[in-house]
Amino acid sequence: QGHLVESGGGSVQTGGSMRLSCVASEEAFRGGCIGWFRQATWDERAGVAAIFPTLGDTYYDDSVEGRFTISLDEAKKSVYLQMTALKPEDTAMYYCAVDTDVCATVIGRRRAGNFKYWGQGIQVAVQS
């Protein structure tokens, strides 16, 4: 079992909703900013949303602002990504990641770095 385990992916129709979950080890949960990244075929891995556990501040990429919501449950060491109004272009492998610069990466729309903690990824497919 890794430090981050994602669940909740699958296939959905355009306009539908889906919630992804990421359960973290104690060590990973305290490892900094927690974020969701995604990688479509032939694309680079890019930031989608991030949350800083201590303050609860959230950050979103422009492509998902208003449609996706990131949240966390500290008691369960879990981070969630609620996705609504899904579009075919949201189809990708989604990854949970934790490190001190995850938030900055999402804010700055930088390429996903070699973060300390990565989940194994989970597939999301949005059918048109």
# chains A, B, ... in the order shown; residues from 1 in each chain; ligands from 1
call {"tool": "residues_around", "arguments": {"residues": "Ile122 in chain A", "least_positions_apart": "4", "cutoff": "6 Å", "atoms": "only C-alpha atoms", "output": "list of chain:residue names"}}
result
A:Gly9, A:Met93, A:Tyr94
call {"tool": "residues_around", "arguments": {"residues": "range 105-111 of chain A", "least_positions_apart": "5", "cutoff": "9 Å", "atoms": "only C-alpha atoms", "output": "count of residues only"}}
result
13
call {"tool": "select_by_dssp", "arguments": {"residues": "chain A", "states": "strand (DSSP E or B)", "output": "PyMOL selection string"}}
result
chain A and resi 4-7+10-13+18-24+33-39+46-52+57-60+68-73+78-83+92-99+117-118+122-127
call {"tool": "atom_distance", "arguments": {"atom1": "CA of Ser17 in chain A", "atom2": "CA of Asp90 in chain A"}}
result
11.3 Å
call {"tool": "closest_residue", "arguments": {"among": "A:Ser21, A:Lys116, A:Pro88, A:Tyr95", "to": "Ile70 in chain A", "atoms": "only C-alpha atoms"}}
result
A:Ser21
call {"tool": "residues_around", "arguments": {"residues": "Gly119 in chain A", "least_positions_apart": "5", "cutoff": "8 Å", "atoms": "only C-alpha atoms", "output": "list in words"}}
result
Gly2, His3, Leu4, Val5, Glu6, Cys22, Tyr95, Cys96 and Ala97 of chain A
call {"tool": "write_last_selection", "arguments": {"atoms": "N, CA and C atoms", "output": "mmCIF file, in the first residue's frame"}}
result
data_model
loop_
_atom_site.group_PDB
_atom_site.id
_atom_site.type_symbol
_atom_site.label_atom_id
_atom_site.label_comp_id
_atom_site.auth_asym_id
_atom_site.auth_seq_id
_atom_site.Cartn_x
_atom_site.Cartn_y
_atom_site.Cartn_z
ATOM 1 N N GLY A 2 0.617 2.153 -0.953
ATOM 2 C CA GLY A 2 1.410 3.359 -1.024
ATOM 3 C C GLY A 2 0.933 4.402 -0.053
ATOM 4 N N HIS A 3 1.653 5.531 -0.093
ATOM 5 C CA HIS A 3 1.293 6.631 0.789
ATOM 6 C C HIS A 3 0.009 7.323 0.354
ATOM 7 N N LEU A 4 -0.319 7.250 -0.940
ATOM 8 C CA LEU A 4 -1.520 7.883 -1.476
ATOM 9 C C LEU A 4 -2.262 6.860 -2.319
ATOM 10 N N VAL A 5 -3.539 6.688 -2.063
ATOM 11 C CA VAL A 5 -4.341 5.740 -2.823
ATOM 12 C C VAL A 5 -5.593 6.434 -3.324
ATOM 13 N N GLU A 6 -5.725 6.492 -4.653
ATOM 14 C CA GLU A 6 -6.886 7.134 -5.256
ATOM 15 C C GLU A 6 -7.995 6.123 -5.504
ATOM 16 N N CYS A 22 -8.739 10.462 -2.360
ATOM 17 C CA CYS A 22 -7.325 10.140 -2.166
ATOM 18 C C CYS A 22 -7.107 9.966 -0.673
ATOM 19 N N TYR A 95 -4.133 11.969 -10.743
ATOM 20 C CA TYR A 95 -3.183 11.601 -9.709
ATOM 21 C C TYR A 95 -3.292 12.547 -8.523
ATOM 22 N N CYS A 96 -3.154 11.983 -7.357
ATOM 23 C CA CYS A 96 -3.050 12.750 -6.126
ATOM 24 C C CYS A 96 -1.563 12.915 -5.814
ATOM 25 N N ALA A 97 -1.175 14.083 -5.332
ATOM 26 C CA ALA A 97 0.233 14.335 -5.036
ATOM 27 C C ALA A 97 0.356 15.242 -3.818
#
call {"tool": "closest_residue", "arguments": {"among": "A:Thr69, A:Cys33, A:Thr14, A:Glu26", "to": "Asp101 in chain A", "atoms": "only C-alpha atoms"}}
result
A:Cys33
call {"tool": "closest_residue", "arguments": {"among": "A:Trp42, A:Glu89, A:Ser78, A:Ser128", "to": "Val64 in chain A", "atoms": "only C-alpha atoms"}}
result
A:Glu89
call {"tool": "select_by_dssp", "arguments": {"residues": "chain A", "states": "helix (DSSP H, G or I)", "output": "count of residues only"}}
result
16
